[in-house]
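Participant: Contents of work.txt (compact mmCIF, N, CA and C atoms) are given next:
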```txt
# COMPACT_ATOMS: atom_id res chain seq x y z
N MET A 1 247.79 76.12 106.76
CA MET A 1 248.26 77.43 106.31
C MET A 1 247.17 78.49 106.47
N LYS A 2 245.92 78.12 106.25
CA LYS A 2 244.84 79.10 106.35
C LYS A 2 244.76 79.69 107.75
N ARG A 3 244.86 78.84 108.75
CA ARG A 3 244.79 79.35 110.13
C ARG A 3 246.03 80.16 110.48
N ARG A 4 247.18 79.77 109.99
CA ARG A 4 248.40 80.55 110.23
C ARG A 4 248.22 81.94 109.62
N LEU A 5 247.73 82.02 108.41
CA LEU A 5 247.50 83.30 107.76
C LEU A 5 246.47 84.12 108.54
N ALA A 6 245.42 83.47 109.01
CA ALA A 6 244.40 84.17 109.80
C ALA A 6 245.00 84.73 111.08
N ARG A 7 245.89 83.98 111.70
CA ARG A 7 246.55 84.47 112.92
C ARG A 7 247.49 85.64 112.61
N GLU A 8 248.18 85.57 111.48
CA GLU A 8 249.04 86.69 111.08
C GLU A 8 248.20 87.95 110.89
N ILE A 9 247.06 87.79 110.24
CA ILE A 9 246.15 88.92 110.03
C ILE A 9 245.63 89.43 111.36
N ALA A 10 245.30 88.51 112.26
CA ALA A 10 244.78 88.91 113.58
C ALA A 10 245.83 89.69 114.37
N VAL A 11 247.06 89.19 114.42
CA VAL A 11 248.13 89.89 115.15
C VAL A 11 248.36 91.27 114.53
N SER A 12 248.41 91.32 113.22
CA SER A 12 248.61 92.60 112.54
C SER A 12 247.46 93.56 112.82
N SER A 13 246.25 93.04 112.84
CA SER A 13 245.08 93.86 113.12
C SER A 13 245.11 94.40 114.55
N LEU A 14 245.43 93.54 115.50
CA LEU A 14 245.52 93.97 116.90
C LEU A 14 246.59 95.04 117.06
N TYR A 15 247.70 94.84 116.39
CA TYR A 15 248.79 95.81 116.43
C TYR A 15 248.32 97.15 115.84
N GLN A 16 247.67 97.07 114.69
CA GLN A 16 247.18 98.27 114.04
C GLN A 16 246.14 99.00 114.90
N MET A 17 245.29 98.24 115.57
CA MET A 17 244.28 98.85 116.44
C MET A 17 244.95 99.63 117.57
N GLU A 18 246.01 99.08 118.12
CA GLU A 18 246.70 99.75 119.20
C GLU A 18 247.46 100.98 118.72
N MET A 19 248.04 100.90 117.55
CA MET A 19 248.83 102.00 117.02
C MET A 19 247.98 103.16 116.50
N ASN A 20 246.88 102.82 115.84
CA ASN A 20 246.10 103.82 115.12
C ASN A 20 244.71 104.06 115.67
N GLU A 21 244.36 103.36 116.74
CA GLU A 21 243.04 103.50 117.35
C GLU A 21 241.91 103.36 116.33
N VAL A 22 241.95 102.28 115.57
CA VAL A 22 240.88 101.96 114.64
C VAL A 22 240.07 100.79 115.20
N SER A 23 238.88 100.62 114.68
CA SER A 23 238.04 99.52 115.15
C SER A 23 238.57 98.18 114.66
N ALA A 24 238.11 97.12 115.29
CA ALA A 24 238.52 95.77 114.90
C ALA A 24 238.14 95.51 113.45
N SER A 25 236.93 95.86 113.09
CA SER A 25 236.46 95.64 111.73
C SER A 25 237.28 96.41 110.71
N ASP A 26 237.57 97.68 111.01
CA ASP A 26 238.38 98.49 110.09
C ASP A 26 239.79 97.94 109.95
N ALA A 27 240.37 97.50 111.04
CA ALA A 27 241.74 96.97 111.00
C ALA A 27 241.80 95.72 110.12
N VAL A 28 240.86 94.80 110.30
CA VAL A 28 240.86 93.58 109.49
C VAL A 28 240.55 93.94 108.04
N ASP A 29 239.59 94.84 107.81
CA ASP A 29 239.27 95.25 106.44
C ASP A 29 240.50 95.79 105.72
N MET A 30 241.25 96.65 106.40
CA MET A 30 242.44 97.23 105.78
C MET A 30 243.47 96.16 105.42
N LEU A 31 243.67 95.23 106.33
CA LEU A 31 244.65 94.17 106.06
C LEU A 31 244.19 93.23 104.96
N MET A 32 242.91 92.91 104.94
CA MET A 32 242.39 92.04 103.88
C MET A 32 242.50 92.73 102.53
N GLU A 33 242.20 94.01 102.49
CA GLU A 33 242.32 94.77 101.25
C GLU A 33 243.78 94.81 100.77
N GLU A 34 244.68 95.04 101.70
CA GLU A 34 246.11 95.05 101.40
C GLU A 34 246.55 93.68 100.86
N LEU A 35 246.05 92.64 101.47
CA LEU A 35 246.40 91.28 101.07
C LEU A 35 245.89 90.99 99.65
N ARG A 36 244.69 91.46 99.36
CA ARG A 36 244.12 91.22 98.03
C ARG A 36 244.87 91.98 96.93
N HIS A 37 245.35 93.17 97.25
CA HIS A 37 245.97 94.00 96.21
C HIS A 37 247.50 93.91 96.19
N ASP A 38 248.13 94.06 97.32
CA ASP A 38 249.59 94.06 97.36
C ASP A 38 250.15 92.65 97.45
N ASN A 39 249.54 91.85 98.29
CA ASN A 39 249.90 90.44 98.47
C ASN A 39 251.40 90.23 98.61
N GLU A 40 252.02 90.99 99.49
CA GLU A 40 253.46 90.88 99.71
C GLU A 40 253.87 89.52 100.27
N ILE A 41 252.94 88.84 100.93
CA ILE A 41 253.29 87.53 101.49
C ILE A 41 252.99 86.40 100.50
N GLU A 42 252.53 86.79 99.31
CA GLU A 42 252.27 85.85 98.22
C GLU A 42 251.30 84.75 98.61
N ALA A 43 250.23 85.12 99.29
CA ALA A 43 249.20 84.16 99.67
C ALA A 43 248.26 83.92 98.49
N ASP A 44 247.71 82.73 98.44
CA ASP A 44 246.72 82.40 97.44
C ASP A 44 245.48 83.25 97.72
N PRO A 45 244.98 84.03 96.76
CA PRO A 45 243.82 84.90 97.02
C PRO A 45 242.60 84.15 97.55
N ALA A 46 242.37 82.93 97.07
CA ALA A 46 241.24 82.15 97.57
C ALA A 46 241.46 81.79 99.04
N GLU A 47 242.69 81.45 99.38
CA GLU A 47 243.02 81.12 100.76
C GLU A 47 242.85 82.35 101.65
N ALA A 48 243.28 83.49 101.16
CA ALA A 48 243.15 84.73 101.93
C ALA A 48 241.70 85.03 102.22
N SER A 49 240.84 84.85 101.23
CA SER A 49 239.41 85.12 101.44
C SER A 49 238.81 84.18 102.48
N SER A 50 239.25 82.94 102.47
CA SER A 50 238.70 81.97 103.42
C SER A 50 239.18 82.21 104.85
N THR A 51 240.22 83.02 105.03
CA THR A 51 240.71 83.31 106.37
C THR A 51 240.00 84.50 107.01
N ASP A 52 239.28 85.25 106.21
CA ASP A 52 238.66 86.48 106.67
C ASP A 52 237.79 86.26 107.92
N GLU A 53 236.90 85.30 107.88
CA GLU A 53 235.98 85.07 109.00
C GLU A 53 236.74 84.65 110.27
N PHE A 54 237.69 83.75 110.13
CA PHE A 54 238.45 83.30 111.30
C PHE A 54 239.27 84.44 111.89
N SER A 55 239.86 85.26 111.04
CA SER A 55 240.63 86.43 111.51
C SER A 55 239.74 87.34 112.33
N ARG A 56 238.55 87.59 111.82
CA ARG A 56 237.60 88.48 112.53
C ARG A 56 237.18 87.88 113.87
N GLU A 57 236.96 86.56 113.89
CA GLU A 57 236.61 85.88 115.15
C GLU A 57 237.71 86.06 116.18
N LEU A 58 238.95 85.88 115.74
CA LEU A 58 240.08 86.00 116.65
C LEU A 58 240.21 87.42 117.19
N VAL A 59 240.16 88.40 116.32
CA VAL A 59 240.32 89.80 116.74
C VAL A 59 239.18 90.21 117.67
N SER A 60 237.95 89.89 117.30
CA SER A 60 236.83 90.30 118.16
C SER A 60 236.85 89.54 119.49
N GLY A 61 237.28 88.29 119.48
CA GLY A 61 237.39 87.52 120.72
C GLY A 61 238.43 88.10 121.66
N VAL A 62 239.58 88.46 121.11
CA VAL A 62 240.63 89.07 121.93
C VAL A 62 240.12 90.38 122.52
N MET A 63 239.47 91.19 121.71
CA MET A 63 238.99 92.48 122.20
C MET A 63 237.88 92.31 123.25
N GLU A 64 237.01 91.35 123.03
CA GLU A 64 235.91 91.10 123.97
C GLU A 64 236.45 90.67 125.34
N HIS A 65 237.51 89.89 125.35
CA HIS A 65 238.05 89.33 126.60
C HIS A 65 239.38 89.98 127.01
N ARG A 66 239.69 91.10 126.42
CA ARG A 66 241.02 91.70 126.62
C ARG A 66 241.37 91.96 128.08
N GLN A 67 240.44 92.47 128.84
CA GLN A 67 240.73 92.77 130.24
C GLN A 67 241.07 91.48 131.00
N ALA A 68 240.28 90.45 130.79
CA ALA A 68 240.54 89.16 131.45
C ALA A 68 241.87 88.56 130.96
N ILE A 69 242.12 88.66 129.66
CA ILE A 69 243.36 88.13 129.09
C ILE A 69 244.57 88.84 129.69
N ASP A 70 244.52 90.16 129.74
CA ASP A 70 245.64 90.92 130.30
C ASP A 70 245.86 90.56 131.77
N GLY A 71 244.78 90.35 132.50
CA GLY A 71 244.90 89.94 133.90
C GLY A 71 245.56 88.58 134.05
N MET A 72 245.18 87.65 133.18
CA MET A 72 245.79 86.32 133.22
C MET A 72 247.27 86.40 132.85
N LEU A 73 247.57 87.11 131.78
CA LEU A 73 248.96 87.20 131.34
C LEU A 73 249.84 87.85 132.40
N GLN A 74 249.30 88.85 133.08
CA GLN A 74 250.10 89.57 134.08
C GLN A 74 250.60 88.62 135.16
N GLN A 75 249.83 87.58 135.47
CA GLN A 75 250.25 86.60 136.47
C GLN A 75 251.52 85.87 136.06
N TYR A 76 251.76 85.75 134.76
CA TYR A 76 252.88 84.95 134.27
C TYR A 76 254.02 85.79 133.70
N LEU A 77 253.91 87.09 133.80
CA LEU A 77 254.95 87.99 133.31
C LEU A 77 255.88 88.37 134.46
N THR A 78 256.68 87.45 134.86
CA THR A 78 257.59 87.67 135.97
C THR A 78 258.52 88.84 135.67
N GLY A 79 258.42 89.88 136.47
CA GLY A 79 259.28 91.04 136.31
C GLY A 79 258.88 91.98 135.18
N TRP A 80 257.74 91.76 134.57
CA TRP A 80 257.28 92.59 133.46
C TRP A 80 255.87 93.09 133.73
N GLN A 81 255.52 94.18 133.12
CA GLN A 81 254.14 94.67 133.11
C GLN A 81 253.65 94.54 131.68
N ILE A 82 252.39 94.19 131.50
CA ILE A 82 251.85 93.96 130.15
C ILE A 82 252.02 95.19 129.26
N ASP A 83 251.89 96.38 129.84
CA ASP A 83 251.99 97.59 129.02
C ASP A 83 253.44 97.95 128.69
N ARG A 84 254.41 97.25 129.27
CA ARG A 84 255.82 97.50 128.99
C ARG A 84 256.40 96.52 127.96
N LEU A 85 255.62 95.53 127.55
CA LEU A 85 256.07 94.58 126.54
C LEU A 85 256.13 95.26 125.18
N SER A 86 256.87 94.68 124.27
CA SER A 86 256.82 95.19 122.89
C SER A 86 255.40 94.98 122.38
N ARG A 87 254.98 95.83 121.50
CA ARG A 87 253.60 95.73 120.98
C ARG A 87 253.38 94.39 120.29
N VAL A 88 254.37 93.91 119.60
CA VAL A 88 254.24 92.62 118.91
C VAL A 88 254.07 91.49 119.91
N ASP A 89 254.95 91.42 120.90
CA ASP A 89 254.85 90.35 121.90
C ASP A 89 253.51 90.41 122.63
N ARG A 90 253.06 91.60 122.94
CA ARG A 90 251.79 91.77 123.65
C ARG A 90 250.62 91.21 122.82
N GLN A 91 250.60 91.53 121.53
CA GLN A 91 249.49 91.06 120.69
C GLN A 91 249.55 89.55 120.47
N VAL A 92 250.74 89.01 120.30
CA VAL A 92 250.89 87.57 120.12
C VAL A 92 250.43 86.84 121.39
N LEU A 93 250.84 87.34 122.54
CA LEU A 93 250.43 86.72 123.81
C LEU A 93 248.93 86.82 124.02
N ARG A 94 248.35 87.96 123.71
CA ARG A 94 246.90 88.11 123.85
C ARG A 94 246.16 87.12 122.97
N LEU A 95 246.58 87.01 121.73
CA LEU A 95 245.92 86.09 120.80
C LEU A 95 246.04 84.65 121.29
N ALA A 96 247.23 84.25 121.69
CA ALA A 96 247.44 82.88 122.16
C ALA A 96 246.64 82.60 123.43
N CYS A 97 246.63 83.52 124.36
CA CYS A 97 245.87 83.34 125.58
C CYS A 97 244.38 83.20 125.26
N TYR A 98 243.89 84.03 124.37
CA TYR A 98 242.48 83.92 123.96
C TYR A 98 242.19 82.53 123.40
N GLU A 99 243.04 82.06 122.50
CA GLU A 99 242.80 80.74 121.90
C GLU A 99 242.89 79.62 122.94
N MET A 100 243.84 79.73 123.86
CA MET A 100 244.03 78.67 124.85
C MET A 100 242.90 78.62 125.88
N VAL A 101 242.42 79.78 126.30
CA VAL A 101 241.46 79.84 127.40
C VAL A 101 240.01 79.90 126.92
N PHE A 102 239.74 80.63 125.86
CA PHE A 102 238.37 80.90 125.47
C PHE A 102 237.89 80.12 124.25
N ARG A 103 238.77 79.34 123.64
CA ARG A 103 238.37 78.52 122.48
C ARG A 103 238.78 77.08 122.75
N ASP A 104 238.04 76.16 122.15
CA ASP A 104 238.34 74.74 122.34
C ASP A 104 238.68 74.04 121.03
N ASP A 105 238.86 74.79 119.96
CA ASP A 105 239.06 74.17 118.65
C ASP A 105 240.53 73.94 118.28
N VAL A 106 241.46 74.35 119.15
CA VAL A 106 242.89 74.12 118.89
C VAL A 106 243.53 73.65 120.19
N PRO A 107 244.30 72.57 120.15
CA PRO A 107 244.99 72.12 121.37
C PRO A 107 245.94 73.21 121.86
N PRO A 108 246.02 73.41 123.17
CA PRO A 108 246.88 74.47 123.71
C PRO A 108 248.33 74.40 123.24
N LYS A 109 248.90 73.20 123.13
CA LYS A 109 250.30 73.10 122.69
C LYS A 109 250.46 73.56 121.25
N ALA A 110 249.45 73.30 120.42
CA ALA A 110 249.49 73.78 119.03
C ALA A 110 249.41 75.31 119.01
N THR A 111 248.59 75.86 119.88
CA THR A 111 248.48 77.32 119.99
C THR A 111 249.82 77.92 120.39
N ILE A 112 250.50 77.30 121.33
CA ILE A 112 251.81 77.80 121.76
C ILE A 112 252.80 77.76 120.60
N ASN A 113 252.83 76.66 119.87
CA ASN A 113 253.73 76.57 118.72
C ASN A 113 253.45 77.65 117.69
N GLU A 114 252.17 77.89 117.42
CA GLU A 114 251.80 78.95 116.48
C GLU A 114 252.24 80.31 117.00
N ALA A 115 252.05 80.54 118.29
CA ALA A 115 252.43 81.83 118.89
C ALA A 115 253.93 82.06 118.80
N ILE A 116 254.70 81.02 119.03
CA ILE A 116 256.16 81.14 118.93
C ILE A 116 256.56 81.53 117.52
N GLU A 117 255.95 80.87 116.53
CA GLU A 117 256.26 81.19 115.13
C GLU A 117 255.84 82.61 114.78
N LEU A 118 254.69 83.05 115.27
CA LEU A 118 254.24 84.42 115.03
C LEU A 118 255.20 85.43 115.67
N ALA A 119 255.63 85.12 116.89
CA ALA A 119 256.55 86.02 117.58
C ALA A 119 257.88 86.13 116.82
N LYS A 120 258.37 85.01 116.32
CA LYS A 120 259.60 85.04 115.53
C LYS A 120 259.41 85.80 114.23
N HIS A 121 258.26 85.58 113.61
CA HIS A 121 257.96 86.22 112.32
C HIS A 121 257.86 87.74 112.45
N PHE A 122 257.12 88.19 113.47
CA PHE A 122 256.87 89.62 113.62
C PHE A 122 257.86 90.31 114.56
N GLY A 123 258.48 89.53 115.43
CA GLY A 123 259.40 90.10 116.41
C GLY A 123 260.82 89.65 116.16
N THR A 124 261.42 89.10 117.19
CA THR A 124 262.81 88.65 117.12
C THR A 124 262.90 87.20 117.57
N GLU A 125 264.06 86.61 117.46
CA GLU A 125 264.29 85.26 118.00
C GLU A 125 263.98 85.24 119.49
N GLU A 126 264.39 86.30 120.17
CA GLU A 126 264.14 86.41 121.61
C GLU A 126 262.65 86.46 121.90
N SER A 127 261.88 87.06 121.00
CA SER A 127 260.43 87.12 121.18
C SER A 127 259.84 85.72 121.26
N GLY A 128 260.32 84.84 120.41
CA GLY A 128 259.83 83.46 120.43
C GLY A 128 260.09 82.77 121.74
N LYS A 129 261.28 82.97 122.29
CA LYS A 129 261.64 82.37 123.57
C LYS A 129 260.80 82.96 124.70
N PHE A 130 260.62 84.27 124.66
CA PHE A 130 259.84 84.95 125.69
C PHE A 130 258.38 84.46 125.68
N VAL A 131 257.78 84.43 124.50
CA VAL A 131 256.39 83.97 124.35
C VAL A 131 256.26 82.53 124.82
N ASN A 132 257.21 81.69 124.46
CA ASN A 132 257.20 80.29 124.89
C ASN A 132 257.22 80.19 126.42
N GLY A 133 258.07 80.98 127.06
CA GLY A 133 258.16 80.94 128.52
C GLY A 133 256.87 81.35 129.21
N VAL A 134 256.27 82.44 128.74
CA VAL A 134 255.03 82.93 129.35
C VAL A 134 253.90 81.93 129.13
N LEU A 135 253.74 81.48 127.90
CA LEU A 135 252.64 80.56 127.60
C LEU A 135 252.85 79.19 128.22
N GLY A 136 254.10 78.78 128.39
CA GLY A 136 254.39 77.51 129.07
C GLY A 136 253.90 77.54 130.51
N LYS A 137 254.10 78.68 131.18
CA LYS A 137 253.60 78.84 132.56
C LYS A 137 252.08 78.84 132.58
N LEU A 138 251.48 79.52 131.62
CA LEU A 138 250.02 79.58 131.54
C LEU A 138 249.44 78.18 131.31
N LEU A 139 250.10 77.39 130.47
CA LEU A 139 249.64 76.04 130.16
C LEU A 139 249.54 75.17 131.41
N LEU A 140 250.45 75.36 132.34
CA LEU A 140 250.45 74.55 133.57
C LEU A 140 249.18 74.74 134.39
N GLU A 141 248.53 75.88 134.22
CA GLU A 141 247.32 76.17 134.99
C GLU A 141 246.11 76.39 134.09
N ILE A 142 246.16 75.85 132.88
CA ILE A 142 245.11 76.12 131.90
C ILE A 142 243.72 75.69 132.37
N GLU A 143 243.62 74.56 133.03
CA GLU A 143 242.30 74.09 133.46
C GLU A 143 241.66 75.04 134.48
N GLU A 144 242.48 75.55 135.41
CA GLU A 144 241.95 76.51 136.38
C GLU A 144 241.53 77.81 135.70
N LEU A 145 242.29 78.22 134.70
CA LEU A 145 241.97 79.47 133.99
C LEU A 145 240.69 79.33 133.19
N LYS A 146 240.46 78.16 132.65
CA LYS A 146 239.24 77.95 131.87
C LYS A 146 237.99 77.90 132.75
N ALA A 147 238.19 77.53 134.02
CA ALA A 147 237.03 77.37 134.92
C ALA A 147 236.48 78.65 135.40
```
Give the structure from this file in structure tokens form.

Facilitator:
Amino acid sequence: MKRRLAREIAVSSLYQMEMNEVSASDAVDMLMEELRHDNEIEADPAEASSTDEFSRELVSGVMEHRQAIDGMLQQYLTGWQIDRLSRVDRQVLRLACYEMVFRDDVPPKATINEAIELAKHFGTEESGKFVNGVLGKLLLEIEELKA
């Protein structure tokens, strides 16, 4: 649950950064503050605090590798341009691609499952199917992408 919450915070932060042009640190700070006070998702406050570092790692990693991530994703967006995707789908795909290609602490299939759930949570049922299709194609060439 802690990593799921961290990913939710990361996707929300990436979305907020795109919408409001705030820094990665400010976006995560705002969401963590909101979580501590409003806690609309009813997370355990201790659990929320323990997700802070992982959320920041995810957001900063996506931003650090964003150009490469967008280039990789574009290869698998048949008939789509990355800038024409919904903002939610774009952030979920960026986060998943970052975890699959630039991190080794989560199996790629687990990352895809998490991304599908995030897409459904923040987007639509169709978002989950779309994210699954794109990431499934990426998974087929994951070793080449990591090299």

Participant: Could I get the residues of region 43-137 of chain A with an atom no further than 12 Å from an atom of region 13-35 of chain A, each paired with its nearest atom pair and that distance in Å to one decimal, using only C-alpha atoms, sorted by chain and residue number, as a Markdown table?

Facilitator:
```
| residue | atom | partner | partner_atom | distance |
| --- | --- | --- | --- | --- |
| A:Ala43 | CA | A:Leu35 | CA | 7.8 |
| A:Asp44 | CA | A:Leu35 | CA | 9.6 |
| A:Pro45 | CA | A:Leu35 | CA | 8.0 |
| A:Ala46 | CA | A:Leu35 | CA | 11.1 |
| A:Glu47 | CA | A:Leu35 | CA | 10.7 |
| A:Ala48 | CA | A:Leu35 | CA | 7.4 |
| A:Ser49 | CA | A:Met32 | CA | 7.9 |
| A:Ser50 | CA | A:Met32 | CA | 10.7 |
| A:Thr51 | CA | A:Met32 | CA | 9.2 |
| A:Asp52 | CA | A:Met32 | CA | 7.3 |
| A:Glu53 | CA | A:Val28 | CA | 9.8 |
| A:Phe54 | CA | A:Val28 | CA | 10.7 |
| A:Ser55 | CA | A:Val28 | CA | 7.4 |
| A:Arg56 | CA | A:Val28 | CA | 6.8 |
| A:Glu57 | CA | A:Ala24 | CA | 10.1 |
| A:Leu58 | CA | A:Leu14 | CA | 9.7 |
| A:Val59 | CA | A:Ala24 | CA | 6.5 |
| A:Ser60 | CA | A:Ala24 | CA | 6.6 |
| A:Gly61 | CA | A:Ala24 | CA | 10.2 |
| A:Val62 | CA | A:Leu14 | CA | 8.6 |
| A:Met63 | CA | A:Ala24 | CA | 8.0 |
| A:Glu64 | CA | A:Ala24 | CA | 10.5 |
| A:Arg66 | CA | A:Leu14 | CA | 10.9 |
| A:Asp83 | CA | A:Glu18 | CA | 11.4 |
| A:Ser86 | CA | A:Tyr15 | CA | 10.3 |
| A:Arg87 | CA | A:Tyr15 | CA | 6.6 |
| A:Val88 | CA | A:Tyr15 | CA | 6.8 |
| A:Asp89 | CA | A:Tyr15 | CA | 9.8 |
| A:Arg90 | CA | A:Tyr15 | CA | 8.8 |
| A:Gln91 | CA | A:Leu14 | CA | 6.2 |
| A:Val92 | CA | A:Leu14 | CA | 9.0 |
| A:Leu93 | CA | A:Leu14 | CA | 11.2 |
| A:Arg94 | CA | A:Leu14 | CA | 9.2 |
| A:Leu95 | CA | A:Leu14 | CA | 8.8 |
| A:Phe122 | CA | A:Tyr15 | CA | 10.6 |
```

Participant: What is the distance, in Å and to one decimal place, between CA of Ile112 (chain A) and CA of Glu8 (chain A)?

Facilitator: 14.2 Å

Participant: For CA of Val131 (chain A) and atom C of Ile116 (chain A), determine how far apart the two atoms are, in Å to one decimal place.

Facilitator: 7.3 Å

Participant: Measuring atom to atom with only N, CA and C atoms, identify which of A:His37, A:Val101, A:Ala6, A:Tyr76 is nearest to Lys137 (chain A).

Facilitator: A:Tyr76

Participant: Among region 75-120 of chain A, which ones does DSSP assign to alpha helix (DSSP H) (computed from the backbone)? Answer as JSON, numbers by chain.

Facilitator: {"A": [75, 76, 87, 88, 89, 90, 91, 92, 93, 94, 95, 96, 97, 98, 99, 100, 101, 102, 108, 109, 110, 111, 112, 113, 114, 115, 116, 117, 118, 119, 120]}

Participant: Find the distance between atom N of His121 (chain A) and atom N of Leu5 (chain A) and write it in Å to one decimal.

Facilitator: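 If I compute the distance from atom N of His121 (chain A) to atom N of Leu5 (chain A), I get 12.3 Å.
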
Participant: Just checking: using only C-alpha atoms, which residue out of A:Val134, A:Thr111, A:Ala10, A:Asp104 ends up closest to Met72 (chain A)?

Facilitator: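 Once distances to Met72 (chain A) are computed over only C-alpha atoms, the minimum belongs to A:Val134.
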
Participant: With all atoms listed in the file as the basis for distance, which of A:Ser12, A:Arg36, A:Met100, A:Pro108 is at the shortest distance from Lys146 (chain A)?

Facilitator: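 Between A:Ser12, A:Arg36, A:Met100, A:Pro108, the residue approaching Lys146 (chain A) most closely is A:Met100.
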
Participant: Excluding Thr78 (chain A) and its own-chain neighbours fewer than 4 positions away, which residues fall within 12 Å of it when counting only C-alpha atoms? Please give them as a list in words.

Facilitator: Leu73, Gln74, Ile82, Leu85, Phe130, Gly133, Val134, Lys137 and Leu138 of chain A

Participant: Excluding Ala119 (chain A) and any residue of its chain fewer than 5 positions from it, enumerate the residues within 5 Å of it, using all atoms listed in the file, and give them as number ranges by chain.

Facilitator: A: 124, 127-128

Participant: Hey, which of A:Lys109, A:Arg103, A:Arg84, A:Arg3 ends up closest to Leu139 (chain A)? Count only N, CA and C atoms.

Facilitator: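 Under the stated criterion, the closest residue is A:Lys109.
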
Participant: Considering only C-alpha atoms, state which residue in the set A:Arg4, A:Glu143, A:Lys129, A:Tyr98 is at the smallest distance from Glu114 (chain A).

Facilitator: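 Answer, going by the shortest atom-to-atom distance: A:Arg4.
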